[in-house]
Each structure stands twice: as structure tokens, then as C-alpha cells.
file final-v7.txt (compact mmCIF, C-alpha atoms and all ligand atoms)
# COMPACT_ATOMS: atom_id res chain seq x y z
CA MET L 121 31.99 -4.60 -3.64
CA HIS L 122 30.13 -7.83 -2.98
CA PRO L 123 28.78 -9.18 -6.29
CA TYR L 124 25.01 -9.58 -6.45
CA ARG L 125 23.20 -11.88 -8.85
CA ALA L 126 20.22 -11.23 -11.10
CA THR L 127 17.26 -13.64 -11.30
CA GLN L 128 15.72 -14.61 -14.63
CA VAL L 129 12.00 -13.88 -14.74
CA SER L 130 11.14 -14.81 -18.36
CA GLU L 131 12.97 -15.43 -21.64
CA HIS L 132 14.05 -11.78 -21.96
CA VAL L 133 13.54 -10.35 -18.45
CA TRP L 134 15.82 -10.38 -15.42
CA TRP L 135 15.14 -9.08 -11.94
CA VAL L 136 17.99 -6.75 -10.98
CA GLY L 137 16.53 -4.92 -7.98
CA ALA L 138 17.63 -4.53 -4.37
CA VAL L 139 16.54 -6.06 -1.07
CA ASP L 140 16.07 -3.68 1.86
CA TRP L 141 15.95 -6.06 4.81
CA ASN L 142 15.87 -3.28 7.38
CA MET L 143 13.18 -0.92 6.06
CA ARG L 144 10.54 -0.48 8.78
CA ASP L 145 8.97 2.97 8.28
CA PHE L 146 7.61 3.49 4.78
CA HIS L 147 6.15 6.99 5.03
CA GLY L 148 4.30 6.08 8.19
CA TYR L 149 3.53 2.43 7.32
CA LEU L 150 5.26 -0.14 9.54
CA THR L 151 6.91 -2.58 7.15
CA ASN L 152 7.66 -5.44 9.52
CA ARG L 153 9.24 -7.63 6.89
CA GLY L 154 11.35 -5.02 5.06
CA THR L 155 10.91 -4.52 1.33
CA THR L 156 12.50 -4.80 -2.08
CA TYR L 157 12.93 -2.19 -4.78
CA ASN L 158 12.41 -4.17 -7.96
CA ALA L 159 14.04 -3.18 -11.21
CA TYR L 160 13.98 -5.26 -14.37
CA LEU L 161 16.34 -5.68 -17.26
CA VAL L 162 14.68 -6.36 -20.62
CA MET L 163 17.24 -8.05 -22.87
CA GLY L 164 16.02 -6.81 -26.23
CA GLU L 165 18.34 -5.72 -29.04
CA LYS L 166 17.99 -2.37 -27.31
CA ILE L 167 18.64 -3.41 -23.72
CA THR L 168 16.23 -1.60 -21.41
CA LEU L 169 16.16 -1.10 -17.66
CA VAL L 170 12.66 -0.74 -16.21
CA ASP L 171 12.85 1.38 -13.05
CA THR L 172 15.79 1.86 -10.74
CA VAL L 173 16.04 1.64 -6.94
CA LYS L 174 16.23 3.82 -3.85
CA ALA L 175 19.44 5.87 -3.97
CA PRO L 176 21.54 3.96 -1.39
CA PHE L 177 20.96 0.70 -3.29
CA CYS L 178 22.45 1.76 -6.65
CA GLY L 179 25.58 -0.34 -6.13
CA GLU L 180 23.45 -3.43 -5.62
CA LEU L 181 21.41 -2.66 -8.75
CA LEU L 182 24.47 -2.12 -10.93
CA SER L 183 26.10 -5.26 -9.55
CA ARG L 184 23.04 -7.37 -10.39
CA ILE L 185 22.90 -5.86 -13.89
CA ALA L 186 26.60 -6.68 -14.35
CA SER L 187 25.85 -10.34 -13.59
CA VAL L 188 23.82 -10.38 -16.87
CA VAL L 189 25.38 -7.71 -19.09
CA ASP L 190 27.83 -4.83 -18.95
CA PRO L 191 25.69 -1.89 -17.65
CA ALA L 192 27.18 0.28 -20.41
CA GLU L 193 25.25 -1.89 -22.93
CA ILE L 194 21.91 -0.52 -21.67
CA SER L 195 20.27 1.67 -24.33
CA TYR L 196 17.10 2.80 -22.55
CA ILE L 197 15.83 3.38 -19.05
CA VAL L 198 12.08 3.46 -18.39
CA SER L 199 10.85 5.12 -15.22
CA ASN L 200 7.32 3.92 -14.48
CA HIS L 201 7.02 6.03 -11.33
CA ALA L 202 8.87 9.06 -9.97
CA GLU L 203 8.62 8.25 -6.26
CA MET L 204 12.14 8.09 -4.90
CA ASP L 205 12.10 4.44 -3.84
CA HIS L 206 12.18 3.72 -7.60
CA SER L 207 13.83 6.79 -9.07
CA GLY L 208 16.23 7.86 -6.30
CA GLY L 209 19.05 6.01 -8.03
CA LEU L 210 18.23 7.35 -11.49
CA ALA L 211 20.86 10.09 -11.69
CA THR L 212 23.61 7.71 -10.52
CA VAL L 213 22.48 5.00 -12.94
CA ILE L 214 22.35 7.48 -15.84
CA GLU L 215 25.88 8.54 -14.95
CA ALA L 216 27.08 4.92 -14.87
CA VAL L 217 25.18 3.66 -17.93
CA LYS L 218 24.95 6.71 -20.18
CA PRO L 219 21.77 5.48 -21.90
CA GLU L 220 20.62 6.81 -25.26
CA LYS L 221 17.28 7.81 -23.73
CA VAL L 222 15.27 7.81 -20.53
CA PHE L 223 11.48 7.45 -20.83
CA ALA L 224 8.63 8.28 -18.46
CA SER L 225 5.00 9.30 -18.72
CA GLN L 226 4.37 12.94 -19.58
CA LEU L 227 3.76 13.80 -15.92
CA GLY L 228 6.65 11.51 -14.95
CA ALA L 229 9.09 13.40 -17.16
CA ARG L 230 8.11 16.62 -15.40
CA ALA L 231 8.26 15.05 -11.94
CA LEU L 232 11.71 13.56 -12.58
CA ALA L 233 12.98 16.93 -13.80
CA GLU L 234 11.67 18.59 -10.65
CA HIS L 235 13.20 15.91 -8.44
CA PHE L 236 16.65 15.45 -9.93
CA ARG L 237 17.55 18.21 -12.45
CA LEU L 238 18.92 15.44 -14.68
CA PRO L 239 21.71 16.19 -17.20
CA ALA L 240 19.48 15.34 -20.20
CA PRO L 241 15.71 15.65 -20.60
CA VAL L 242 13.52 12.63 -20.00
CA THR L 243 11.50 11.65 -23.09
CA PRO L 244 7.77 11.62 -22.37
CA VAL L 245 5.71 8.71 -23.70
CA LYS L 246 1.96 8.76 -24.25
CA ASP L 247 -0.65 6.36 -22.99
CA GLY L 248 -0.65 3.41 -25.41
CA GLU L 249 2.68 4.32 -27.01
CA GLN L 250 5.12 1.53 -27.85
CA LEU L 251 8.90 1.53 -27.67
CA ASP L 252 10.76 -0.48 -30.32
CA LEU L 253 13.55 -2.55 -28.76
CA GLY L 254 14.51 -4.19 -32.08
CA ASN L 255 13.28 -7.73 -31.55
CA LEU L 256 10.81 -6.72 -28.79
CA ARG L 257 8.28 -4.00 -28.07
CA LEU L 258 7.53 -2.38 -24.76
CA ALA L 259 4.10 -0.75 -24.45
CA PHE L 260 3.08 1.87 -21.89
CA ALA L 261 -0.23 2.53 -20.16
CA GLU L 262 -0.81 5.51 -17.92
CA THR L 263 -2.26 4.69 -14.49
CA ARG L 264 -2.73 8.21 -13.15
CA MET L 265 -3.21 8.32 -9.37
CA VAL L 266 -2.37 4.63 -9.02
CA HIS L 267 -0.85 5.83 -6.99
CA TRP L 268 0.87 9.06 -8.12
CA PRO L 269 -0.16 11.41 -10.96
CA ASP L 270 2.85 10.28 -13.02
CA SER L 271 2.34 6.54 -12.59
CA MET L 272 2.33 4.19 -15.57
CA VAL L 273 2.85 0.48 -16.21
CA SER L 274 4.90 -1.20 -18.94
CA TRP L 275 3.89 -4.31 -20.86
CA LEU L 276 6.18 -6.74 -22.68
CA PRO L 277 4.12 -8.84 -25.11
CA GLY L 278 5.59 -12.19 -26.07
CA ASP L 279 7.05 -12.73 -22.63
CA ASP L 280 3.66 -11.48 -21.38
CA VAL L 281 5.20 -9.61 -18.45
CA LEU L 282 3.36 -6.68 -16.88
CA PHE L 283 5.70 -4.34 -15.01
CA SER L 284 2.98 -3.17 -12.66
CA GLN L 285 4.97 -0.60 -10.69
CA ASP L 286 3.51 -0.20 -7.17
CA GLY L 287 0.33 -2.13 -8.06
CA PHE L 288 0.13 -5.77 -6.90
CA GLY L 289 3.19 -5.34 -4.67
CA GLN L 290 4.01 -6.31 -1.12
CA HIS L 291 6.56 -4.87 1.28
CA LEU L 292 8.43 -8.10 1.82
CA ALA L 293 12.18 -8.65 1.85
CA SER L 294 13.16 -12.20 0.89
CA SER L 295 15.84 -14.20 -0.86
CA GLU L 296 13.08 -15.76 -3.01
CA ARG L 297 11.90 -13.73 -5.99
CA PHE L 298 8.61 -15.45 -6.81
CA VAL L 299 5.32 -15.65 -4.96
CA ASP L 300 5.11 -19.43 -5.47
CA GLN L 301 8.38 -19.88 -3.55
CA LEU L 302 6.99 -18.15 -0.45
CA ASP L 303 4.43 -18.97 2.23
CA ALA L 304 0.99 -18.27 0.73
CA SER L 305 -0.43 -16.83 3.98
CA ILE L 306 2.46 -14.36 4.27
CA ILE L 307 1.91 -13.23 0.67
CA GLU L 308 -1.80 -12.67 1.34
CA TYR L 309 -1.08 -10.87 4.62
CA GLU L 310 1.53 -8.56 3.12
CA SER L 311 -0.47 -7.93 -0.07
CA ALA L 312 -3.52 -6.91 1.98
CA ARG L 313 -1.43 -4.77 4.31
CA TYR L 314 0.14 -3.05 1.31
CA PHE L 315 -3.21 -2.38 -0.33
CA ALA L 316 -4.71 -1.02 2.92
CA ASN L 317 -1.80 1.31 3.65
CA ILE L 318 -0.84 2.47 0.13
CA LEU L 319 -3.55 1.89 -2.45
CA LEU L 320 -6.79 2.24 -0.46
CA PRO L 321 -7.50 5.92 -1.33
CA PHE L 322 -7.25 5.01 -5.01
CA ALA L 323 -9.32 1.81 -4.83
CA PRO L 324 -11.85 2.85 -7.54
CA LEU L 325 -9.03 3.90 -9.87
CA VAL L 326 -7.19 0.62 -9.29
CA ALA L 327 -10.38 -1.22 -10.30
CA LYS L 328 -10.62 0.88 -13.49
CA VAL L 329 -6.99 0.13 -14.40
CA ILE L 330 -7.58 -3.61 -13.95
CA ASP L 331 -10.79 -3.44 -16.01
CA ARG L 332 -8.97 -1.58 -18.79
CA LEU L 333 -6.13 -4.10 -19.23
CA PRO L 334 -7.93 -6.45 -21.71
CA ALA L 335 -8.85 -3.52 -23.98
CA LEU L 336 -5.16 -2.63 -24.10
CA GLY L 337 -4.31 -6.20 -25.10
CA ILE L 338 -2.62 -6.79 -21.76
CA ALA L 339 -3.13 -10.37 -20.58
CA PRO L 340 -0.19 -11.02 -18.28
CA LYS L 341 1.27 -14.41 -17.47
CA ILE L 342 3.73 -12.69 -15.16
CA VAL L 343 3.02 -9.68 -12.94
CA ALA L 344 6.27 -8.01 -11.92
CA PRO L 345 5.63 -5.33 -9.29
CA ASP L 346 8.12 -2.80 -7.94
CA HIS L 347 7.98 -4.26 -4.40
CA GLY L 348 8.12 -7.80 -3.11
CA ALA L 349 7.68 -11.09 -4.91
CA ILE L 350 6.79 -11.62 -8.59
CA TRP L 351 3.61 -13.43 -9.65
CA ARG L 352 4.16 -16.12 -12.33
CA ALA L 353 1.27 -18.43 -11.38
CA ASP L 354 -2.14 -18.28 -9.76
CA LEU L 355 -2.92 -14.76 -11.00
CA GLY L 356 -6.61 -15.49 -10.43
CA ARG L 357 -5.93 -15.49 -6.69
CA LEU L 358 -4.28 -12.07 -6.90
CA LEU L 359 -7.06 -10.60 -9.05
CA GLY L 360 -9.69 -12.07 -6.72
CA TRP L 361 -8.12 -10.27 -3.77
CA TYR L 362 -7.94 -7.01 -5.69
CA ALA L 363 -11.57 -7.36 -6.77
CA ALA L 364 -12.63 -7.54 -3.10
CA TRP L 365 -10.24 -4.86 -1.86
CA THR L 366 -11.02 -2.34 -4.62
CA ARG L 367 -14.74 -2.71 -3.86
CA GLN L 368 -13.92 -2.41 -0.12
CA SER L 369 -16.02 -5.52 0.50
CA LYS L 370 -16.76 -5.97 4.18
CA ARG L 371 -17.37 -8.82 6.59
CA ARG L 372 -19.38 -8.92 9.80
CA LYS L 373 -16.28 -7.74 11.57
CA ALA L 374 -15.80 -4.74 13.84
CA LEU L 375 -12.65 -2.90 14.76
CA VAL L 376 -12.61 -1.23 18.17
CA VAL L 377 -9.70 1.23 18.32
CA TYR L 378 -8.93 3.12 21.49
CA ASP L 379 -6.39 4.59 23.84
CA THR L 380 -6.84 5.15 27.54
CA MET L 381 -5.45 7.40 30.27
CA TRP L 382 -6.69 5.87 33.57
CA ASN L 383 -8.30 2.72 32.13
CA SER L 384 -11.86 4.08 31.90
CA THR L 385 -11.96 4.27 28.08
CA SER L 386 -10.40 0.80 28.04
CA LEU L 387 -13.28 -0.52 30.20
CA MET L 388 -15.76 1.00 27.74
CA ALA L 389 -13.90 -0.50 24.76
CA HIS L 390 -13.98 -3.97 26.30
CA ALA L 391 -17.71 -3.70 27.05
CA ILE L 392 -18.41 -2.61 23.45
CA ALA L 393 -16.32 -5.54 22.16
CA ASP L 394 -18.31 -7.89 24.41
CA GLY L 395 -21.57 -6.54 22.98
CA LEU L 396 -20.33 -6.90 19.42
CA GLU L 397 -19.32 -10.48 20.07
CA SER L 398 -22.65 -11.35 21.69
CA GLY L 399 -24.35 -9.81 18.65
CA GLY L 400 -22.49 -12.24 16.38
CA ALA L 401 -19.79 -9.97 14.97
CA SER L 402 -16.13 -10.88 14.74
CA VAL L 403 -14.19 -8.33 16.82
CA LYS L 404 -10.68 -6.89 16.81
CA LEU L 405 -10.05 -4.89 19.98
CA MET L 406 -6.95 -2.82 19.32
CA SER L 407 -5.31 -0.46 21.78
CA LEU L 408 -3.09 2.22 20.31
CA LYS L 409 -0.61 1.42 23.08
CA ALA L 410 -0.08 -2.01 21.51
CA ASN L 411 -0.78 -1.56 17.79
CA HIS L 412 0.71 0.52 15.01
CA ARG L 413 -1.54 2.66 12.80
CA SER L 414 -0.74 0.43 9.83
CA ASP L 415 -1.92 -2.67 11.77
CA LEU L 416 -5.25 -0.92 12.28
CA LEU L 417 -5.67 -0.05 8.59
CA HIS L 418 -4.83 -3.62 7.67
CA GLU L 419 -7.57 -4.94 9.97
CA LEU L 420 -10.02 -2.32 8.72
CA LEU L 421 -9.68 -3.52 5.11
CA ASP L 422 -12.46 -6.11 5.56
CA ALA L 423 -14.13 -4.74 8.72
CA GLY L 424 -17.61 -3.27 8.31
CA ALA L 425 -17.66 -1.33 11.59
CA LEU L 426 -15.26 1.04 13.27
CA LEU L 427 -15.67 2.16 16.89
CA VAL L 428 -13.16 4.70 18.10
CA GLY L 429 -12.55 5.64 21.73
CA SER L 430 -10.47 8.32 23.38
CA PRO L 431 -10.12 10.09 26.69
CA THR L 432 -10.16 13.87 26.55
CA LEU L 433 -6.76 15.40 27.26
CA ASN L 434 -6.56 19.19 27.51
CA ASN L 435 -9.79 19.62 25.49
CA ASN L 436 -8.59 17.32 22.71
CA VAL L 437 -8.42 13.70 21.60
CA TYR L 438 -5.50 11.75 22.98
CA PRO L 439 -2.35 12.29 20.84
CA SER L 440 -2.31 8.68 19.60
CA LEU L 441 -5.90 9.11 18.36
CA ALA L 442 -4.98 12.30 16.52
CA ASP L 443 -2.25 10.35 14.75
CA PHE L 444 -4.58 7.46 13.88
CA LEU L 445 -7.45 9.67 12.70
CA THR L 446 -5.17 11.78 10.48
CA TYR L 447 -3.68 8.66 8.88
CA LEU L 448 -7.12 7.04 8.54
CA ARG L 449 -8.76 10.03 6.85
CA GLY L 450 -5.96 10.25 4.29
CA LEU L 451 -6.57 6.62 3.30
CA LYS L 452 -10.29 7.25 2.68
CA PRO L 453 -11.92 4.04 3.90
CA GLN L 454 -15.47 3.43 2.61
CA ASN L 455 -18.52 1.33 3.50
CA LEU L 456 -18.27 1.70 7.28
CA ILE L 457 -20.68 2.08 10.14
CA GLY L 458 -19.38 3.23 13.49
CA ALA L 459 -19.42 5.43 16.56
CA SER L 460 -17.19 7.26 19.01
CA PHE L 461 -16.89 6.78 22.74
CA GLY L 462 -14.70 7.74 25.68
CA SER L 463 -14.29 8.79 29.26
CA TYR L 464 -13.50 12.34 30.35
CA GLY L 465 -12.91 14.32 33.51
CA TRP L 466 -13.76 17.97 32.85
CA SER L 467 -15.16 18.92 29.46
CA GLY L 468 -15.08 15.77 27.26
CA GLU L 469 -14.56 17.17 23.75
CA ALA L 470 -12.78 14.09 22.37
CA VAL L 471 -15.90 12.01 21.63
CA GLY L 472 -17.42 14.83 19.56
CA GLN L 473 -14.13 15.43 17.76
CA ILE L 474 -13.91 11.77 16.76
CA LYS L 475 -17.52 11.89 15.61
CA GLU L 476 -16.62 14.81 13.31
CA HIS L 477 -13.83 12.72 11.79
CA LEU L 478 -16.20 9.79 11.28
CA GLU L 479 -18.80 12.04 9.66
CA ALA L 480 -16.14 13.56 7.39
CA MET L 481 -15.34 10.02 6.22
CA LYS L 482 -19.07 9.34 5.64
CA VAL L 483 -19.14 6.64 8.26
CA GLU L 484 -22.80 5.79 8.97
CA LEU L 485 -23.18 6.57 12.68
CA VAL L 486 -24.77 3.98 14.93
CA HIS L 487 -24.69 6.31 17.94
CA ASP L 488 -24.22 10.02 18.57
CA GLY L 489 -21.17 9.40 20.76
CA LEU L 490 -21.05 7.58 24.08
CA ARG L 491 -19.40 9.65 26.85
CA GLN L 492 -18.78 8.85 30.51
CA ARG L 493 -17.50 11.24 33.16
CA PHE L 494 -14.59 9.63 35.03
CA VAL L 495 -15.01 5.89 35.72
CA PRO L 496 -17.79 3.97 33.93
CA ASP L 497 -20.40 2.42 36.20
CA ALA L 498 -22.56 -0.62 35.49
CA LYS L 499 -25.13 1.53 33.66
CA CYS L 500 -22.47 2.96 31.35
CA LEU L 501 -20.96 -0.45 30.68
CA GLY L 502 -24.44 -1.75 29.87
CA GLU L 503 -24.86 1.07 27.35
CA CYS L 504 -21.49 0.19 25.85
CA ALA L 505 -22.51 -3.46 25.48
CA ALA L 506 -25.81 -2.34 23.92
CA LEU L 507 -23.87 -0.17 21.44
CA GLY L 508 -21.84 -3.24 20.52
CA ARG L 509 -24.96 -5.37 20.02
CA THR L 510 -26.69 -2.66 17.98
CA THR L 511 -23.62 -2.29 15.79
CA ALA L 512 -23.48 -6.06 15.25
CA GLU L 513 -27.18 -6.08 14.25
CA ARG L 514 -26.68 -3.19 11.81
CA LEU L 515 -23.69 -5.01 10.33
CA ALA L 516 -25.73 -8.17 9.89
CA ALA L 517 -28.48 -6.17 8.18
CA ARG L 518 -25.98 -4.56 5.79
CA ILE L 519 -23.81 -7.56 5.04
CA GLY L 520 -26.00 -10.58 5.75
FE1 LIG I 1 7.03 2.22 -4.30
FE2 LIG I 1 5.01 4.89 -4.93
O1 LIG I 1 6.63 4.01 -4.64

call {"tool": "encode", "arguments": {"input": "final-v7.txt", "output": "C-alpha cells"}}
result
Amino acid sequence: MHPYRATQVSEHVWWVGAVDWNMRDFHGYLTNRGTTYNAYLVMGEKITLVDTVKAPFCGELLSRIASVVDPAEISYIVSNHAEMDHSGGLATVIEAVKPEKVFASQLGARALAEHFRLPAPVTPVKDGEQLDLGNLRLAFAETRMVHWPDSMVSWLPGDDVLFSQDGFGQHLASSERFVDQLDASIIEYESARYFANILLPFAPLVAKVIDRLPALGIAPKIVAPDHGAIWRADLGRLLGWYAAWTRQSKRRKALVVYDTMWNSTSLMAHAIADGLESGGASVKLMSLKANHRSDLLHELLDAGALLVGSPTLNNNVYPSLADFLTYLRGLKPQNLIGASFGSYGWSGEAVGQIKEHLEAMKVELVHDGLRQRFVPDAKCLGECAALGRTTAERLAARIG
């Protein structure tokens, strides 16, 4: 097999993960730039592997480990998170390494057992517990629901490395391992996209975890996530982004999402966008024929208004809207104003159905739902533009 190399992260830590250049669908999230599954070797007297990789990448992981140390020298494996992009290779790695012990959070130990029926039980560790590696200590902090019930992070004092699991990651395949080696705008883009599509439902919990770190004595110089590039400088920039994203801070920006059957809903969407723009809002007009659901969530991260349009097809929203609305509701966006709109031919249920989704998400409605039978006339397009202007004014009043 092709030999892979490890990358040194700090005095005692090596990156030994895998690069998945071709990953594009991460449970419904379009990962345009692929991803990495990061695993880390801690070279204490008790050599410890923090996390593994997705199952097909075990050979790559073991090869990178072998570039530093014989994998059989590993004493401990720590699983920070049971999701299979990080634990899928665990059984194979246990077989190859035969570690003395495998550690996970209490819920992680149960989740790993239910996933893999491992040959030996996983040892549960408690929140705040420390693992003695001889010359080093590895401390654990539970981060329940950031973003799974089992999730925890590991902290290596001395080297001051926080193994932050899915937190602070990006889906980004690259030959560079560190944020400071990569284009800053790409890092910001992919970090925001990752937050919007993975962490958004847990935003308040992410904020609590970050707030709790100083009390746990965790003051990282290096943040080593389970996906993408590693932060070893400029952590203030990263924490600044997370402060805004966890609060779901908004700009005077509106997202108009729609699909169209015979162009009528598209005409309405364009008129609404025109009204928003004339009212001073920044606008993203996004057709579901041209944009993926994860593009929309990314744009919504800092948008204060959401206007959603659909034709009515067989008494329902258009199929692409059903997809978008289901995905959107699961990600629990907050702090939005908005409205529904659309053209119809016979009965026109779609606009009301979208309104129900918006209400369920506690979106503050600007309009009861703007419907037009068949093709919009000048009066309808004027109402659409007025809806856009009203929305822009409400945004300005909320955001300033
Ligand atoms: Fe990257 Fe929740 O797994």
C-alpha cells in the first residue's frame, strides 16, 4: 500500500487522519471541497490515538501512524464521538493495534457498543476526568448534543491542544494541515457553511461549551478539530465567528428561496427581491433549480429575513420546497422575519403550507401569504415589491 505521512502538530501530537477528496454528500450537506477525517496521535509514555476515521480509510490512518511509530505501540484509543465518520474504523484499528484500553464518554461507550459490538468493552470516562499517559495527561469534557449525545472533547495541557471533535471544523480536503497555510476566505466560507449545516440546531449549547472552557482550565493554543484544517494561530478570529454564529446574529440581508413551474412564482420572487433591494436590504435570490439546500442554509446564517415561494402542485408545495423546508426545520434557524408566496392554478395550498412551516419555526411573519392565480399581473407584482420593501423596513427596524 502507498505509504502516507503524518504531520506534526505540537511537541507530542501528530495528525494521522485521512483525506476524503471525493466526499460530496455528508448526510444531505453538499461538501463541495471534500473533507478530512482527523485523528491524532499523542506521543506520551502511553501512546494514545484520539479518534479514528471512516471505515474505508483505515489503511490510510494506520499508514500515517506507522510513519511515526509502530501501531502496535499504541496503548490507548480515545473516541470523542461515536458518529461513523470518526468511529467507523474503530473495530479494524482495535484489531490491528490491540490497545490496552479504549475510552469514550459514558454515552459514547454505550453508543459504540450498539454500533460495533466490539470484542472488549469501552471504558467510560466522566466529565472532567483525566487519563494518565505517564509524562502527559489527557483531560475530557463532555459536550452533550454538540452535536451528538455522546460527544466530548479532549484537552492536552502542556502542548495546549484542544481536540475539539466536530466543533470548529470545516469540510475541506487539502494537502495543507493548518488554517494559516490556506486561503483565509475559503476557511471562513467553509467554517460558516459547516456551522450552518451541522451545528446550527445546537447553537446555544455550542456557546455554553465555549463559555465553560476557561472554568475547565482549557486555554488552547491549538484547536484540532475532526474535520478540515487545524488552528494554531489567530484563534480570536475563530472565536469571533463562533460568537456571532452561536447568537445567530443577523444582517440587513434577505434570502428569497423559490421554485417555479411555469415561471409565475419566479416573477413574484424577482419582484419581491426588487422591493427588498429598493428598501435597502442586501438580497440573495436563490432558485431551488440552481442551488443546493446546503447553499441556502449557508446564506441564511447571517440573513435576517426569509421569503419562501412555491407553486402548488397536486395540492402540495413543490417537491424541491418540501425537501428544503424539511431540512430547514431540522436545523432550527432563529431570529428571522419572513413570508410565503406563490402562484397556483386550482386550489393554491402551497402558500399556506409554507406559512405553517414558518410559524412552526417562530419566524415573525411580515405577511399572511401572497398568492396569485396563474400569471401575476402588474397589481400582483406591485404587491410583491411592496412586500419586499416592507420586509426591508422591518429588518432595518430590528437590526439597525
Ligand atoms: Fe464528523 Fe458528527 O461527525

call {"tool": "residues_near_point", "arguments": {"input": "final-v7.txt", "point": "(1.8, -7.6, -24.7)", "cutoff": "9 Å", "atoms": "only C-alpha atoms", "output": "list in words"}}
result
Arg257, Leu258, Ala259, Trp275, Leu276, Pro277, Gly278, Asp279, Asp280, Val281, Leu282, Leu336, Gly337, Ile338, Ala339 and Pro340 of chain L

call {"tool": "residues_around", "arguments": {"input": "final-v7.txt", "residues": "L:Leu387", "least_positions_apart": "6", "cutoff": "12 Å", "atoms": "only C-alpha atoms", "output": "PyMOL selection string"}}
result
chain L and resi 378-381+393-394+405+407+429-431+461-463+492+494-498+500-502+504-505

call {"tool": "atom_distance", "arguments": {"input": "final-v7.txt", "atom1": "atom CA of L:Glu308", "atom2": "atom CA of L:Arg357"}}
result
9.5 Å

call {"tool": "closest_residue", "arguments": {"input": "final-v7.txt", "among": "L:Arg352, L:Lys341, L:Arg264, L:His412", "to": "L:Tyr447", "atoms": "all atoms listed in the file"}}
result
L:His412

call {"tool": "residues_near_ligand", "arguments": {"input": "final-v7.txt", "ligand": "ligand LIG 1 (chain I)", "cutoff": "7 Å", "atoms": "all atoms listed in the file", "output": "number ranges by chain"}}
result
L: 201, 203-206, 267-268, 286, 346-347

call {"tool": "axis_aligned_box", "arguments": {"input": "final-v7.txt", "around": "stretch 366-374 of chain L", "padding_each_side": "3 Å", "output": "JSON"}}
result
{"center_x": -15.2, "center_y": -5.6, "center_z": 4.6, "size_x": 14.4, "size_y": 12.6, "size_z": 24.5}

call {"tool": "closest_residue", "arguments": {"input": "final-v7.txt", "among": "L:Leu227, L:Val486, L:Leu333, L:Val188", "to": "L:Ile457", "atoms": "all atoms listed in the file"}}
result
L:Val486

call {"tool": "atom_distance", "arguments": {"input": "final-v7.txt", "atom1": "atom CA of L:His235", "atom2": "atom CA of L:Asp270"}}
result
12.6 Å

call {"tool": "atom_distance", "arguments": {"input": "final-v7.txt", "atom1": "atom CA of L:Trp365", "atom2": "atom CA of L:Leu319"}}
result
9.5 Å

call {"tool": "residues_near_point", "arguments": {"input": "final-v7.txt", "point": "(23.2, 8.5, -11.9)", "cutoff": "12 Å", "atoms": "all atoms listed in the file", "output": "MDAnalysis selection string"}}
result
chainID L and resid 172:179 181:182 197 207:219 222 236:240

call {"tool": "closest_residue", "arguments": {"input": "final-v7.txt", "among": "L:Arg297, L:His132, L:Lys482, L:Lys475", "to": "L:Val437", "atoms": "all atoms listed in the file"}}
result
L:Lys475

call {"tool": "closest_residue", "arguments": {"input": "final-v7.txt", "among": "L:Gln301, L:Thr366, L:Asn158, L:Asn255", "to": "L:Ser284", "atoms": "only C-alpha atoms"}}
result
L:Asn158

call {"tool": "closest_residue", "arguments": {"input": "final-v7.txt", "among": "L:Ser311, L:Asn411, L:Asn383, L:Ser295", "to": "L:Ala126", "atoms": "only C-alpha atoms"}}
result
L:Ser295

call {"tool": "closest_residue", "arguments": {"input": "final-v7.txt", "among": "L:Pro191, L:Leu292, L:Asn317, L:Arg184", "to": "L:Pro123", "atoms": "all atoms listed in the file"}}
result
L:Arg184

call {"tool": "residues_around", "arguments": {"input": "final-v7.txt", "residues": "L:Ala327", "least_positions_apart": "4", "cutoff": "8 Å", "atoms": "all atoms listed in the file", "output": "VMD selection string"}}
result
chain L and resid 323 331 362 to 363 366 to 367

call {"tool": "residues_around", "arguments": {"input": "final-v7.txt", "residues": "L:Val376", "least_positions_apart": "6", "cutoff": "8 Å", "atoms": "all atoms listed in the file", "output": "ChimeraX atom specification"}}
result
/L:389,392-393,403-406,426-429

call {"tool": "residues_around", "arguments": {"input": "final-v7.txt", "residues": "L:His418", "least_positions_apart": "2", "cutoff": "12 Å", "atoms": "only C-alpha atoms", "output": "ChimeraX atom specification"}}
result
/L:149-151,308-320,365,375,404,406,411-416,420-423,448,451,453
